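Encoded as C-alpha cells, the structure appears first; notes follow it.
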Amino acid sequence: MGLLDKLVTIATTRETLLPEGIDPFNVVIEEIYSSTEGQIDGQRVILAGTNNYLGLTFHPSCIEAARKTLLEEGTGTTGSRMANGTFSGHSALEKELALFYGCQSAIVFSTGFVTNLGAISSLAGPGDVIVLDADSHASIYDACRMSGAEMIRFRHNNMVDLEKKLRRLGEKSTNALIIVEGIYSMLGDCAPLAEIAALKKKYGAWLMVDEAHSMGVLGKHGRGLAEAVGVEQDVDFTVGTFSKSLGAVGGYCVSTHPELDLLRYTCRSYVFTASPSPSTISSVREALRVVSSQPQLRTKLWENVEQLYRGLEQSGFELGPDPSPIVAIRLPTKEKALFAWKAILEKGIYVNLVFPPAAPAGLFLLRCSISAAHTPEQISYILKTFAELKPMMTAAT
Amino acid sequence: MATSQYDTIFQQIEVLLQEHAQLQVPIQDDTDLINDLGFDSLKLMEMLEDVEDIFDITYPLNDLANLHTVKDFVLQIQQITGGE
C-alpha cells in the first residue's frame, strides 16, 4: 500500500459529493470590500459566515494601529516568543489581557488553535485526567491527545453525565481538568457554565473555558460567558482567540494562577513557532480597547442576532437551540445542505457549509455568523432569500 | 471464570454492535469495527455512549487507539469493569 493510497477515498468522496463549479470547502474570497461584503466566484456577496462578530476587521483605529506598527516595526518577528519573537507590543498585550480579565497572568500565542494545543498539553499530562465536552473544538481534542492525560468525554452540555464521570474518578478528580466552551462553534449554544462551575467545586477539579466565540459577545464588558453568568472566580484558565471578535489572528490563555507564566518554558506551540506579527499585535491591542470601550457594538450585535434568528425561526427553519451570533440551520441530508449552500451563494450570500464530523451529532448545517456590522437591510435580504429558497431546499435531492 | 465473564460481555457487545454497525456481518472475535462493521468516528462515539450506560463505566478515549477488533473491545471493557 502506497503512502498516498489513503487519499483515494477522499478523492472519491469529493468527486461524488461536490458539485461542478465552486468547492464549498475551498472558497476563495476574491475581493474583500468591508467586514460584511466581498466577492466570491465573480459575484458581490454578503459575508454571513466569517466569525467577525463585532466587525472590527475594518475598524479605522485598528487599521491605523496596524499600519503604524507595520511601518515602524516591519512585517514580522521571524522568531518564536521564547527567542527573538517577543516585541514590546506582545508584552504590552499580555498585560492588557490580564487587566481585561482581572487575572494575574496572560500568554499570547500565534493562533487560537495552537493556544489550545500548547496550554492544554502543558497543563495536563500523564497521571492527570481531562474531562471534555463531546462537542469540543478539534484543537481541544488534539491537545488532549498530545497531553498524555487520561481523556474522558461527557455528553454535550449534559450535567448528569459530567457529574457521573467526575464521581467515578474518585480522588483523581482533584487532578481533573474540565474543558468546555463559552459558545459552541457549530450550533451556537452556550455551556451551562454555572452548573459546570458548581460541579467543578464539588469535586475539587479544575476548569478551563474556551471563550473563542463568546469573548466580545457575552458579558457586560465582553469577557465572555463566565462574566455573563457570574462565575469568573471559578474558572482557572480562560483561552481565546484574536481571530473572531478581535478581527485579527492569534490566541491567548489567561489565569488567576501565577504558575501559568511557567508554561512559556514548556509549551511547544509557544517555543517552536513564530510569534504574531507586530502589526497584528497592534490591531489586537486596539480592538481590545474597542471591545472594552464600545459596549454599543454588543448591543447592535444582539439586535442583529435577534433579527436573524427570529426571522429564520418564523420561516420554519430548524435552528440551533439558542439565539447567538452563530445561527445554524439544520438540513436533513448532505445533498440538501449542499444544494442550499449553492443556491444561497448564487443569490449573493456566503454562509458556511458544515458536514459531520465537523458538525456534531451527524448534522448537516448551513452555519450563519452574524456581525454587529451587518445592516438591518442586509439581514432582511438574507431572511427574504432563505424564505424564498426554503421550498427548494426541502425539495432538492 | 475469566472466559465466562468474557463471554457475557461479548454477548452484550454483540447486540450493541449489530444495532450501531453500518454493515451487517456476523460478529466474531476478529471482526474489525471499521473495516468489517463500517464504523466511523461518529457512530463509534454513539455506540460508546451506550456501552458506558449499559456497563456503568467511563470509557477513556485514549483506549480508542488500541481498539480494532471485537476482541480488543471486550477485553478493554473487561479491564475497565475490573475483570481480568
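Chain labels follow the order of the C-alpha cells: the first chain is A, the next B, and so on; residue numbering restarts at 1 in every chain, and ligands are counted from 1 in their shown order.
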Residue contacts of Arg367 in chain A (9 Å, only C-alpha atoms) excluding same-chain residues fewer than 3 positions away, as a PyMOL selection string
chain A and resi 48-49+186-187+326-330+351-354
Let's have the selection written as a short mmCIF file (atom, residue, chain, number, x, y, z; two decimals), in the first residue's frame, with C-alpha atoms.
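Result file follows (again18.cif):
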```
data_model
loop_
_atom_site.label_atom_id
_atom_site.label_comp_id
_atom_site.auth_asym_id
_atom_site.auth_seq_id
_atom_site.Cartn_x
_atom_site.Cartn_y
_atom_site.Cartn_z
CA ALA A 48 -22.58 35.91 6.66
CA GLY A 49 -20.15 33.19 7.67
CA MET A 186 -21.25 24.89 15.23
CA LEU A 187 -24.70 25.20 16.85
CA ILE A 326 -23.81 31.65 15.30
CA VAL A 327 -27.12 30.71 13.72
CA ALA A 328 -27.05 27.14 12.42
CA ILE A 329 -29.74 25.92 10.06
CA ARG A 330 -30.21 22.17 10.17
CA VAL A 351 -22.54 31.15 4.72
CA ASN A 352 -20.58 28.12 5.96
CA LEU A 353 -21.47 24.60 4.88
CA VAL A 354 -20.67 22.11 7.63
#
```
Residue hits in chain A, query chain B, radius 7 Å, only C-alpha atoms, as JSON, numbers by chain
{"A": [150, 151, 152, 165, 357]}
With C-alpha atoms retained, export the selected residues as a PDB file, in the first residue's frame.
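Heads up, here's the output in selection_4.pdb:
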```pdb
ATOM      1  CA  GLU A 150      -6.480  10.247  30.511  1.00  0.00           C
ATOM      2  CA  MET A 151      -9.149  11.665  28.222  1.00  0.00           C
ATOM      3  CA  ILE A 152     -12.793  11.421  29.203  1.00  0.00           C
ATOM      4  CA  LYS A 165     -17.847  10.978  35.113  1.00  0.00           C
ATOM      5  CA  PRO A 357     -17.627  15.174  11.773  1.00  0.00           C
TER       6      PRO A 357
END
```
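Distances to Ile80 in chain B were evaluated for A:Ile120, A:Glu195, A:Arg168, A:Leu71 using only C-alpha atoms, and the minimum falls at A:Arg168.
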Could you pull out the strand (DSSP E or B) residues of range 37-181 of chain A from DSSP and send them as number ranges by chain?
A: 37-40, 43-47, 80, 105-109, 129-133, 150-154, 176-181
